[in-house]
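**Student:** What follows is a structure written as C-alpha cells; I'll ask about it next.
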Number of protein chains: 2
Amino acid sequence: MKNFWITEEAIEINDVVNKVTRAEAGAINTFIGTVRELTKGKRTLYLEYQAYTAMAEKKLEEIGKEIDERWENTQTAIAHRVGRLDISDIAVVIAVSTPHRKDAFEASRYAIERIKEIVPIWKKEHWENGELWIGDQKEQVSYEGNLPAKEEMQDD
Amino acid sequence: MKNFWITEEAIEINDVVNKVTRAEAGAINTFIGTVRELTKGKRTLYLEYQAYTAMAEKKLEEIGKEIDERWENTQTAIAHRVGRLDISDIAVVIAVSTPHRKDAFEASRYAIERIKEIVPIWKKEHWENGELWIGDQKEQVSYEGNLPAKEEMQDD
C-alpha cells in the first residue's frame, strides 16, 4: 500500500507509476536508475546495495513530503532495490505526478538528488579487478583503499 | 521494432522503456502524459486524438535524432496514442536513456516540448458543456469559436 519502499525483488515500473496516477494529474515524470556497465572505462560486473530498510523508507517518505511542500498538488512514489543487481537491472524508480509537466520534471529531479543525499543506502561495486563498498550515496566515504573512492554514481 | 510509433491501443510503459534499456545507460527518464480531468475548473469527460500517422511517426523519429545531436550517447523511444482517451489514460510516453541522469532529464523535457511543436496530432476536448478540436499541439489554432481556444494542454 505504501508509496515508498525498499525491496529485494525486481522493481516493476508500473507498480510505482500506478501509485501516482490520478484524475488531477496530466503529467507523470519517472526516473529509473539502472546499473551501467562502464564507468570511465572500467567494467562493472554487478552491484550490491544494502540499506537500513526502516530508516531508508522513512527518508524516502520524507523526500515525498519535501516535494509536496515545494510543488503544488504532487503525488510521489519511490522504490529502491537492494541486494545483488546485474547490468541494466533497475536500482531505483521514482514517479511524480502533477497537474502540469514542468513541476513533474523538477520534482522528479529533486527526488533523485535528495535520495543520494539523505537515504542510507550503500553500494558495493564489483569490477573486473576488484570491489569497493561505497559508503554513502554521494560517495564521499569509502571503506577500502584499493580502488578510487570517488567513482561516479551509476546515474550521475 | 521501431522506437517511434502512433497507436490506437493503450500504451504499455514497459514497451517504451524496454526500447531504451541498455548496458551503457545508468539513467532513464520517462515522461508520461495522462488525461487530466480538470483544467481551470472545467471538467473534461474524455478526449479524442487524431494524427497523420505516417507523418507523426516521422516527426517523432526526427525528435529522436535531434536529441541524439544535442546530448551524448542517448537512446529515445516515444509512443503516442490516438482515438478516444478517458480520464487518466496515457496519451504519450517518452523514454530517454543516457549514461548520466542530467542528460536524461533534459532530453526527455526537450522531447515533450518538441512533440507539441512539430508533431501533427490534434486533440478534441469533450467537456461537460461542449467540445472543441484543438488544432495544434501548441493550441494556437482552434476550429470552433464556442469555447476558449487557449485552453491549456493536458500536461502544460
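All residue names refer to the C-alpha cells as shown: chains lettered A, B, ... in order, residues numbered from 1 in each chain, ligands numbered from 1 in order.
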Show me a table, sorted first by chain and then by increasing residue number, of the residues of chain B having an atom at most 8 Å from chain A, each with its shortest atom pair and the distance in Å to one decimal, counting only C-alpha atoms and written as a tab-separated table.
**Tutor:**
residue	atom	partner	partner_atom	distance
B:Ile13	CA	A:Asn14	CA	7.3
B:Asn14	CA	A:Ile13	CA	7.3
B:Thr21	CA	A:Ser88	CA	6.8
B:Arg22	CA	A:Ser88	CA	5.9
B:Ala23	CA	A:Glu37	CA	5.2
B:Glu24	CA	A:Arg36	CA	5.5
B:Ala25	CA	A:Arg36	CA	5.4
B:Gly26	CA	A:Asp155	CA	4.4
B:Ala27	CA	A:Gly33	CA	4.8
B:Ile28	CA	A:Ile32	CA	5.0
B:Asn29	CA	A:Phe31	CA	4.7
B:Thr30	CA	A:Thr30	CA	4.8
B:Phe31	CA	A:Asn29	CA	4.7
B:Ile32	CA	A:Ile28	CA	5.0
B:Gly33	CA	A:Ala27	CA	4.8
B:Thr34	CA	A:Gly26	CA	4.7
B:Val35	CA	A:Gly26	CA	5.6
B:Arg36	CA	A:Gly26	CA	4.7
B:Glu37	CA	A:Ala23	CA	5.3
B:Leu38	CA	A:Glu24	CA	6.4
B:Ile87	CA	A:Ala23	CA	6.0
B:Ser88	CA	A:Ala23	CA	5.3
B:Pro99	CA	A:Asp155	CA	6.5
B:His100	CA	A:Asp155	CA	4.7
B:Arg101	CA	A:Asp155	CA	5.2
B:Lys102	CA	A:Asp156	CA	7.3
B:Phe105	CA	A:Phe105	CA	7.2
B:Arg109	CA	A:Phe105	CA	7.3
B:Gln154	CA	A:Gly26	CA	5.2
B:Asp155	CA	A:Gly26	CA	4.4
B:Asp156	CA	A:His100	CA	4.9
**Student:** All in-order C-alpha pairs, least squares, chain A moved onto chain B. Output the fitted coordinates as a short mmCIF file (atom, residue, chain, number, x, y, z; two decimals) with N, CA and C atoms, in the first residue's frame, please.
**Tutor:**
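Result file out-v2.cif:
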data_model
loop_
_atom_site.label_atom_id
_atom_site.label_comp_id
_atom_site.auth_asym_id
_atom_site.auth_seq_id
_atom_site.Cartn_x
_atom_site.Cartn_y
_atom_site.Cartn_z
N MET A 1 9.12 -3.12 -33.81
CA MET A 1 10.56 -2.95 -33.74
C MET A 1 10.92 -1.48 -33.59
N LYS A 2 10.12 -0.63 -34.21
CA LYS A 2 10.51 0.78 -34.24
C LYS A 2 10.39 1.47 -32.89
N ASN A 3 11.11 2.54 -32.72
CA ASN A 3 11.15 3.26 -31.44
C ASN A 3 10.15 4.42 -31.37
N PHE A 4 9.50 4.74 -32.47
CA PHE A 4 8.61 5.91 -32.51
C PHE A 4 7.32 5.48 -33.18
N TRP A 5 6.24 5.50 -32.41
CA TRP A 5 5.01 4.99 -33.02
C TRP A 5 3.75 5.67 -32.47
N ILE A 6 2.75 5.68 -33.36
CA ILE A 6 1.40 6.13 -33.04
C ILE A 6 0.54 4.88 -32.92
N THR A 7 -0.32 4.85 -31.92
CA THR A 7 -1.12 3.64 -31.72
C THR A 7 -2.52 3.98 -31.23
N GLU A 8 -3.47 3.12 -31.60
CA GLU A 8 -4.83 3.27 -31.07
C GLU A 8 -5.02 2.47 -29.78
N GLU A 9 -4.05 1.66 -29.46
CA GLU A 9 -4.13 0.81 -28.27
C GLU A 9 -3.58 1.54 -27.05
N ALA A 10 -3.95 1.05 -25.88
CA ALA A 10 -3.36 1.56 -24.63
C ALA A 10 -1.83 1.37 -24.70
N ILE A 11 -1.10 2.38 -24.26
CA ILE A 11 0.36 2.29 -24.30
C ILE A 11 0.87 1.61 -23.03
N GLU A 12 1.68 0.59 -23.21
CA GLU A 12 2.35 -0.05 -22.08
C GLU A 12 3.67 0.67 -21.82
N ILE A 13 3.82 1.22 -20.65
CA ILE A 13 5.04 1.97 -20.33
C ILE A 13 6.29 1.11 -20.56
N ASN A 14 6.21 -0.14 -20.14
CA ASN A 14 7.36 -1.04 -20.30
C ASN A 14 7.79 -1.20 -21.75
N ASP A 15 6.83 -1.19 -22.66
CA ASP A 15 7.18 -1.34 -24.08
C ASP A 15 8.09 -0.21 -24.54
N VAL A 16 7.85 0.97 -23.99
CA VAL A 16 8.64 2.13 -24.38
C VAL A 16 9.99 2.11 -23.67
N VAL A 17 9.95 1.84 -22.38
CA VAL A 17 11.19 1.81 -21.59
C VAL A 17 12.13 0.70 -22.09
N ASN A 18 11.57 -0.44 -22.44
CA ASN A 18 12.41 -1.55 -22.90
C ASN A 18 13.22 -1.21 -24.14
N LYS A 19 12.69 -0.29 -24.94
CA LYS A 19 13.40 0.10 -26.17
C LYS A 19 14.69 0.85 -25.88
N VAL A 20 14.80 1.43 -24.70
CA VAL A 20 15.97 2.28 -24.43
C VAL A 20 16.87 1.72 -23.32
N THR A 21 16.45 0.61 -22.72
CA THR A 21 17.27 0.00 -21.65
C THR A 21 18.50 -0.65 -22.29
N ARG A 22 19.67 -0.36 -21.72
CA ARG A 22 20.91 -0.90 -22.30
C ARG A 22 22.05 -0.76 -21.32
N ALA A 23 23.10 -1.55 -21.53
CA ALA A 23 24.22 -1.62 -20.59
C ALA A 23 24.96 -0.30 -20.43
N GLU A 24 24.94 0.52 -21.48
CA GLU A 24 25.66 1.79 -21.41
C GLU A 24 24.94 2.85 -20.60
N ALA A 25 23.66 2.63 -20.34
CA ALA A 25 22.85 3.66 -19.68
C ALA A 25 22.78 3.42 -18.17
N GLY A 26 22.86 4.50 -17.41
CA GLY A 26 22.64 4.42 -15.97
C GLY A 26 21.36 5.15 -15.58
N ALA A 27 20.77 5.83 -16.54
CA ALA A 27 19.61 6.67 -16.25
C ALA A 27 18.59 6.58 -17.37
N ILE A 28 17.34 6.44 -16.99
CA ILE A 28 16.25 6.52 -17.95
C ILE A 28 15.24 7.52 -17.40
N ASN A 29 14.93 8.52 -18.20
CA ASN A 29 13.85 9.41 -17.79
C ASN A 29 12.64 9.13 -18.66
N THR A 30 11.50 9.05 -17.99
CA THR A 30 10.26 8.75 -18.69
C THR A 30 9.26 9.86 -18.42
N PHE A 31 8.69 10.39 -19.48
CA PHE A 31 7.59 11.32 -19.30
C PHE A 31 6.31 10.67 -19.78
N ILE A 32 5.30 10.72 -18.94
CA ILE A 32 4.01 10.11 -19.25
C ILE A 32 2.94 11.20 -19.19
N GLY A 33 2.31 11.46 -20.30
CA GLY A 33 1.22 12.45 -20.33
C GLY A 33 -0.09 11.71 -20.18
N THR A 34 -0.89 12.12 -19.19
CA THR A 34 -2.17 11.45 -18.94
C THR A 34 -3.31 12.46 -19.09
N VAL A 35 -4.51 11.95 -19.27
CA VAL A 35 -5.67 12.82 -19.45
C VAL A 35 -6.12 13.34 -18.09
N ARG A 36 -6.04 14.64 -17.94
CA ARG A 36 -6.40 15.28 -16.67
C ARG A 36 -7.88 15.65 -16.69
N GLU A 37 -8.50 15.49 -15.56
CA GLU A 37 -9.95 15.74 -15.50
C GLU A 37 -10.28 17.23 -15.48
N LEU A 38 -9.54 17.99 -14.69
CA LEU A 38 -9.90 19.40 -14.51
C LEU A 38 -8.86 20.33 -15.11
N THR A 39 -9.32 21.29 -15.89
CA THR A 39 -8.45 22.35 -16.40
C THR A 39 -9.12 23.68 -16.09
N LYS A 40 -8.54 24.42 -15.20
CA LYS A 40 -9.11 25.71 -14.78
C LYS A 40 -10.58 25.56 -14.39
N GLY A 41 -10.85 24.54 -13.63
CA GLY A 41 -12.20 24.35 -13.10
C GLY A 41 -13.18 23.71 -14.06
N LYS A 42 -12.77 23.52 -15.29
CA LYS A 42 -13.68 22.89 -16.25
C LYS A 42 -13.41 21.39 -16.31
N ARG A 43 -14.48 20.60 -16.28
CA ARG A 43 -14.33 19.16 -16.21
C ARG A 43 -14.29 18.53 -17.60
N THR A 44 -13.21 17.83 -17.90
CA THR A 44 -13.11 17.09 -19.15
C THR A 44 -13.78 15.73 -18.97
N LEU A 45 -14.57 15.32 -19.95
CA LEU A 45 -15.20 14.00 -19.90
C LEU A 45 -14.31 12.95 -20.56
N TYR A 46 -13.81 13.30 -21.74
CA TYR A 46 -12.84 12.44 -22.43
C TYR A 46 -12.21 13.25 -23.55
N LEU A 47 -11.20 12.69 -24.17
CA LEU A 47 -10.50 13.35 -25.27
C LEU A 47 -10.51 12.45 -26.50
N GLU A 48 -10.35 13.09 -27.62
CA GLU A 48 -10.04 12.33 -28.83
C GLU A 48 -8.78 12.91 -29.45
N TYR A 49 -7.87 12.04 -29.82
CA TYR A 49 -6.69 12.47 -30.56
C TYR A 49 -6.75 11.90 -31.97
N GLN A 50 -6.35 12.73 -32.93
CA GLN A 50 -6.16 12.24 -34.29
C GLN A 50 -4.79 12.65 -34.78
N ALA A 51 -4.22 11.83 -35.62
CA ALA A 51 -2.89 12.16 -36.15
C ALA A 51 -2.82 11.81 -37.63
N TYR A 52 -1.94 12.49 -38.37
CA TYR A 52 -1.48 11.97 -39.66
C TYR A 52 -0.39 10.97 -39.29
N THR A 53 -0.77 9.70 -39.23
CA THR A 53 0.11 8.71 -38.59
C THR A 53 1.52 8.68 -39.18
N ALA A 54 1.60 8.54 -40.49
CA ALA A 54 2.93 8.39 -41.10
C ALA A 54 3.80 9.61 -40.82
N MET A 55 3.18 10.78 -40.97
CA MET A 55 3.93 12.02 -40.74
C MET A 55 4.28 12.18 -39.26
N ALA A 56 3.36 11.84 -38.41
CA ALA A 56 3.60 11.99 -36.97
C ALA A 56 4.75 11.08 -36.53
N GLU A 57 4.76 9.86 -37.02
CA GLU A 57 5.86 8.95 -36.65
C GLU A 57 7.20 9.45 -37.18
N LYS A 58 7.15 10.02 -38.36
CA LYS A 58 8.38 10.59 -38.94
C LYS A 58 8.89 11.74 -38.07
N LYS A 59 7.96 12.55 -37.61
CA LYS A 59 8.34 13.71 -36.78
C LYS A 59 8.86 13.26 -35.41
N LEU A 60 8.25 12.22 -34.87
CA LEU A 60 8.75 11.69 -33.59
C LEU A 60 10.19 11.18 -33.75
N GLU A 61 10.42 10.51 -34.86
CA GLU A 61 11.76 9.99 -35.13
C GLU A 61 12.76 11.15 -35.28
N GLU A 62 12.29 12.20 -35.90
CA GLU A 62 13.11 13.41 -36.07
C GLU A 62 13.52 13.97 -34.70
N ILE A 63 12.59 13.95 -33.77
CA ILE A 63 12.89 14.43 -32.41
C ILE A 63 13.98 13.55 -31.78
N GLY A 64 13.89 12.26 -32.01
CA GLY A 64 14.92 11.34 -31.52
C GLY A 64 16.29 11.71 -32.08
N LYS A 65 16.32 12.06 -33.34
CA LYS A 65 17.60 12.46 -33.96
C LYS A 65 18.11 13.77 -33.38
N GLU A 66 17.20 14.70 -33.18
CA GLU A 66 17.60 15.98 -32.58
C GLU A 66 18.23 15.76 -31.20
N ILE A 67 17.62 14.88 -30.44
CA ILE A 67 18.15 14.58 -29.10
C ILE A 67 19.55 13.97 -29.22
N ASP A 68 19.69 13.08 -30.17
CA ASP A 68 20.98 12.44 -30.39
C ASP A 68 22.07 13.45 -30.74
N GLU A 69 21.69 14.49 -31.43
CA GLU A 69 22.67 15.52 -31.80
C GLU A 69 23.02 16.43 -30.62
N ARG A 70 22.06 16.60 -29.73
CA ARG A 70 22.22 17.60 -28.66
C ARG A 70 22.82 17.02 -27.37
N TRP A 71 22.61 15.73 -27.14
CA TRP A 71 23.16 15.09 -25.94
C TRP A 71 23.96 13.87 -26.36
N GLU A 72 24.89 13.49 -25.51
CA GLU A 72 25.80 12.41 -25.88
C GLU A 72 25.21 11.04 -25.53
N ASN A 73 25.33 10.12 -26.46
CA ASN A 73 25.01 8.72 -26.19
C ASN A 73 23.59 8.55 -25.61
N THR A 74 22.62 8.98 -26.38
CA THR A 74 21.22 8.85 -25.95
C THR A 74 20.53 7.74 -26.72
N GLN A 75 19.47 7.23 -26.17
CA GLN A 75 18.55 6.39 -26.91
C GLN A 75 17.14 6.82 -26.52
N THR A 76 16.29 7.04 -27.53
CA THR A 76 14.97 7.61 -27.28
C THR A 76 13.88 6.73 -27.88
N ALA A 77 12.77 6.64 -27.19
CA ALA A 77 11.58 5.98 -27.74
C ALA A 77 10.35 6.81 -27.34
N ILE A 78 9.42 6.92 -28.25
CA ILE A 78 8.20 7.70 -27.98
C ILE A 78 6.99 6.98 -28.58
N ALA A 79 5.96 6.82 -27.78
CA ALA A 79 4.69 6.28 -28.28
C ALA A 79 3.59 7.30 -27.98
N HIS A 80 2.75 7.58 -28.96
CA HIS A 80 1.62 8.49 -28.76
C HIS A 80 0.34 7.78 -29.15
N ARG A 81 -0.64 7.88 -28.30
CA ARG A 81 -1.91 7.21 -28.57
C ARG A 81 -2.85 8.14 -29.33
N VAL A 82 -3.71 7.58 -30.15
CA VAL A 82 -4.79 8.33 -30.78
C VAL A 82 -6.12 7.62 -30.52
N GLY A 83 -7.20 8.30 -30.89
CA GLY A 83 -8.53 7.74 -30.63
C GLY A 83 -9.10 8.34 -29.36
N ARG A 84 -10.07 7.66 -28.79
CA ARG A 84 -10.72 8.18 -27.58
C ARG A 84 -9.94 7.79 -26.33
N LEU A 85 -9.67 8.79 -25.49
CA LEU A 85 -8.97 8.54 -24.23
C LEU A 85 -9.81 9.05 -23.06
N ASP A 86 -9.93 8.23 -22.05
CA ASP A 86 -10.67 8.62 -20.85
C ASP A 86 -9.73 9.23 -19.81
N ILE A 87 -10.32 9.76 -18.78
CA ILE A 87 -9.54 10.38 -17.70
C ILE A 87 -8.49 9.40 -17.17
N SER A 88 -7.29 9.91 -17.00
CA SER A 88 -6.12 9.15 -16.51
C SER A 88 -5.49 8.22 -17.54
N ASP A 89 -6.11 8.07 -18.70
CA ASP A 89 -5.46 7.27 -19.76
C ASP A 89 -4.15 7.94 -20.18
N ILE A 90 -3.25 7.12 -20.63
CA ILE A 90 -1.94 7.62 -21.09
C ILE A 90 -2.03 8.06 -22.54
N ALA A 91 -1.69 9.32 -22.80
CA ALA A 91 -1.69 9.85 -24.16
C ALA A 91 -0.32 9.68 -24.82
N VAL A 92 0.73 9.85 -24.04
CA VAL A 92 2.08 9.79 -24.62
C VAL A 92 3.06 9.25 -23.58
N VAL A 93 4.00 8.46 -24.06
CA VAL A 93 5.12 8.02 -23.21
C VAL A 93 6.42 8.29 -23.95
N ILE A 94 7.30 9.00 -23.28
CA ILE A 94 8.65 9.28 -23.79
C ILE A 94 9.63 8.58 -22.87
N ALA A 95 10.61 7.91 -23.42
CA ALA A 95 11.70 7.36 -22.60
C ALA A 95 13.02 7.71 -23.26
N VAL A 96 13.92 8.25 -22.46
CA VAL A 96 15.27 8.57 -22.94
C VAL A 96 16.28 7.96 -21.98
N SER A 97 17.21 7.19 -22.51
CA SER A 97 18.28 6.65 -21.67
C SER A 97 19.61 7.30 -22.03
N THR A 98 20.40 7.53 -21.00
CA THR A 98 21.70 8.18 -21.15
C THR A 98 22.64 7.58 -20.10
N PRO A 99 23.94 7.74 -20.27
CA PRO A 99 24.83 7.28 -19.21
C PRO A 99 24.58 8.01 -17.88
N HIS A 100 24.33 9.32 -17.94
CA HIS A 100 24.22 10.12 -16.71
C HIS A 100 22.86 10.80 -16.63
N ARG A 101 22.39 10.98 -15.41
CA ARG A 101 20.99 11.33 -15.24
C ARG A 101 20.62 12.73 -15.72
N LYS A 102 21.51 13.67 -15.60
CA LYS A 102 21.20 15.05 -15.99
C LYS A 102 20.72 15.10 -17.45
N ASP A 103 21.44 14.42 -18.31
CA ASP A 103 21.08 14.40 -19.73
C ASP A 103 19.71 13.76 -19.96
N ALA A 104 19.41 12.71 -19.20
CA ALA A 104 18.13 12.02 -19.40
C ALA A 104 16.96 12.95 -19.10
N PHE A 105 17.08 13.71 -18.00
CA PHE A 105 16.03 14.68 -17.65
C PHE A 105 15.88 15.75 -18.74
N GLU A 106 17.00 16.31 -19.13
CA GLU A 106 16.96 17.40 -20.12
C GLU A 106 16.39 16.94 -21.46
N ALA A 107 16.84 15.79 -21.91
CA ALA A 107 16.43 15.31 -23.23
C ALA A 107 14.95 14.92 -23.24
N SER A 108 14.48 14.36 -22.14
CA SER A 108 13.08 13.97 -22.05
C SER A 108 12.18 15.22 -22.06
N ARG A 109 12.61 16.23 -21.35
CA ARG A 109 11.88 17.50 -21.34
C ARG A 109 11.86 18.11 -22.74
N TYR A 110 12.99 18.07 -23.38
CA TYR A 110 13.09 18.58 -24.75
C TYR A 110 12.09 17.85 -25.65
N ALA A 111 12.01 16.54 -25.50
CA ALA A 111 11.14 15.74 -26.36
C ALA A 111 9.68 16.16 -26.25
N ILE A 112 9.19 16.36 -25.04
CA ILE A 112 7.76 16.70 -24.92
C ILE A 112 7.48 18.09 -25.48
N GLU A 113 8.42 19.01 -25.31
CA GLU A 113 8.22 20.34 -25.89
C GLU A 113 8.20 20.27 -27.41
N ARG A 114 9.08 19.48 -27.97
CA ARG A 114 9.16 19.36 -29.43
C ARG A 114 7.93 18.63 -30.00
N ILE A 115 7.42 17.66 -29.26
CA ILE A 115 6.21 16.98 -29.72
C ILE A 115 5.10 18.00 -29.93
N LYS A 116 4.97 18.90 -28.97
CA LYS A 116 3.91 19.89 -29.06
C LYS A 116 4.16 20.89 -30.19
N GLU A 117 5.42 21.05 -30.55
CA GLU A 117 5.74 22.00 -31.61
C GLU A 117 5.58 21.44 -33.02
N ILE A 118 6.04 20.21 -33.23
CA ILE A 118 6.19 19.77 -34.63
C ILE A 118 5.41 18.52 -35.03
N VAL A 119 4.76 17.85 -34.09
CA VAL A 119 4.12 16.58 -34.47
C VAL A 119 2.64 16.82 -34.77
N PRO A 120 2.17 16.41 -35.95
CA PRO A 120 0.78 16.68 -36.36
C PRO A 120 -0.22 15.76 -35.66
N ILE A 121 -0.56 16.17 -34.44
CA ILE A 121 -1.58 15.45 -33.67
C ILE A 121 -2.60 16.47 -33.19
N TRP A 122 -3.86 16.16 -33.39
CA TRP A 122 -4.93 17.06 -32.97
C TRP A 122 -5.70 16.45 -31.82
N LYS A 123 -6.22 17.31 -31.01
CA LYS A 123 -6.93 16.86 -29.81
C LYS A 123 -8.32 17.45 -29.79
N LYS A 124 -9.31 16.64 -29.52
CA LYS A 124 -10.67 17.16 -29.33
C LYS A 124 -11.04 16.97 -27.87
N GLU A 125 -11.29 18.11 -27.24
CA GLU A 125 -11.69 18.09 -25.82
C GLU A 125 -13.21 17.94 -25.74
N HIS A 126 -13.65 17.01 -24.95
CA HIS A 126 -15.09 16.90 -24.66
C HIS A 126 -15.31 17.28 -23.21
N TRP A 127 -15.97 18.45 -23.04
CA TRP A 127 -16.26 18.91 -21.69
C TRP A 127 -17.71 18.59 -21.34
N GLU A 128 -18.06 18.89 -20.14
CA GLU A 128 -19.46 18.73 -19.74
C GLU A 128 -20.40 19.55 -20.62
N ASN A 129 -19.91 20.75 -21.01
CA ASN A 129 -20.82 21.67 -21.71
C ASN A 129 -20.41 21.96 -23.16
N GLY A 130 -19.66 21.06 -23.75
CA GLY A 130 -19.31 21.31 -25.14
C GLY A 130 -18.08 20.54 -25.56
N GLU A 131 -17.62 20.84 -26.75
CA GLU A 131 -16.44 20.16 -27.26
C GLU A 131 -15.68 21.10 -28.19
N LEU A 132 -14.42 20.80 -28.42
CA LEU A 132 -13.58 21.67 -29.23
C LEU A 132 -12.40 20.90 -29.80
N TRP A 133 -12.26 21.01 -31.11
CA TRP A 133 -11.03 20.49 -31.72
C TRP A 133 -9.93 21.51 -31.49
N ILE A 134 -8.82 21.03 -30.99
CA ILE A 134 -7.69 21.91 -30.77
C ILE A 134 -6.68 21.58 -31.85
N GLY A 135 -6.41 22.60 -32.65
CA GLY A 135 -5.86 22.35 -33.97
C GLY A 135 -4.40 21.97 -34.00
N ASP A 136 -3.65 22.39 -33.04
CA ASP A 136 -2.27 21.97 -33.00
C ASP A 136 -1.86 21.79 -31.55
N GLN A 137 -0.72 21.18 -31.39
CA GLN A 137 -0.30 20.80 -30.05
C GLN A 137 0.02 22.00 -29.19
N LYS A 138 0.38 23.08 -29.80
CA LYS A 138 0.61 24.30 -29.03
C LYS A 138 -0.70 25.05 -28.81
N GLU A 139 -1.75 24.54 -29.46
CA GLU A 139 -3.10 25.07 -29.29
C GLU A 139 -3.23 26.50 -29.73
N GLN A 140 -2.54 26.80 -30.81
CA GLN A 140 -2.66 28.16 -31.35
C GLN A 140 -3.76 28.24 -32.40
N VAL A 141 -4.31 27.09 -32.78
CA VAL A 141 -5.36 27.08 -33.78
C VAL A 141 -6.57 26.36 -33.20
N SER A 142 -7.74 26.96 -33.32
CA SER A 142 -8.94 26.24 -32.91
C SER A 142 -9.90 26.22 -34.08
N TYR A 143 -10.78 25.24 -34.10
CA TYR A 143 -11.67 25.09 -35.23
C TYR A 143 -13.10 25.48 -34.92
N GLU A 144 -13.38 25.80 -33.70
CA GLU A 144 -14.73 26.23 -33.37
C GLU A 144 -14.63 27.39 -32.39
N GLY A 145 -15.60 28.26 -32.46
CA GLY A 145 -15.53 29.44 -31.61
C GLY A 145 -16.34 29.32 -30.33
N ASN A 146 -16.93 28.16 -30.11
CA ASN A 146 -17.88 28.05 -29.01
C ASN A 146 -17.23 27.89 -27.64
N LEU A 147 -15.93 27.68 -27.64
CA LEU A 147 -15.23 27.54 -26.37
C LEU A 147 -13.87 28.20 -26.51
N PRO A 148 -13.29 28.61 -25.42
CA PRO A 148 -12.00 29.28 -25.52
C PRO A 148 -10.97 28.41 -26.21
N ALA A 149 -10.22 29.00 -27.10
CA ALA A 149 -9.25 28.25 -27.89
C ALA A 149 -7.95 28.04 -27.14
N LYS A 150 -7.72 28.89 -26.18
CA LYS A 150 -6.41 28.88 -25.52
C LYS A 150 -6.40 28.01 -24.26
N GLU A 151 -7.17 26.96 -24.30
CA GLU A 151 -7.08 26.01 -23.20
C GLU A 151 -5.65 25.51 -23.04
N GLU A 152 -5.33 25.21 -21.83
CA GLU A 152 -4.01 24.60 -21.59
C GLU A 152 -3.98 23.18 -22.14
N MET A 153 -2.79 22.75 -22.48
CA MET A 153 -2.59 21.33 -22.77
C MET A 153 -2.87 20.54 -21.50
N GLN A 154 -3.21 19.30 -21.66
CA GLN A 154 -3.40 18.41 -20.51
C GLN A 154 -2.21 18.47 -19.56
N ASP A 155 -1.05 18.52 -20.11
CA ASP A 155 0.12 18.40 -19.26
C ASP A 155 1.01 19.64 -19.37
N ASP A 156 0.42 20.75 -19.71
CA ASP A 156 1.19 22.00 -19.78
C ASP A 156 1.70 22.37 -18.40
#
**Student:** Assign secondary structure with DSSP using the backbone only, and return the residues of chain A in strand (DSSP E) as an MDAnalysis selection string.
**Tutor:** chainID A and resid 4:7 27:34 38:39 42:51 75:81 83:86 90:98 121:127 130:134
**Student:** Which of region 12-124 of chain B counts as helix (DSSP H, G or I) under DSSP, as a ChimeraX atom specification please?
**Tutor:** /B:13-18,53-70,101-118
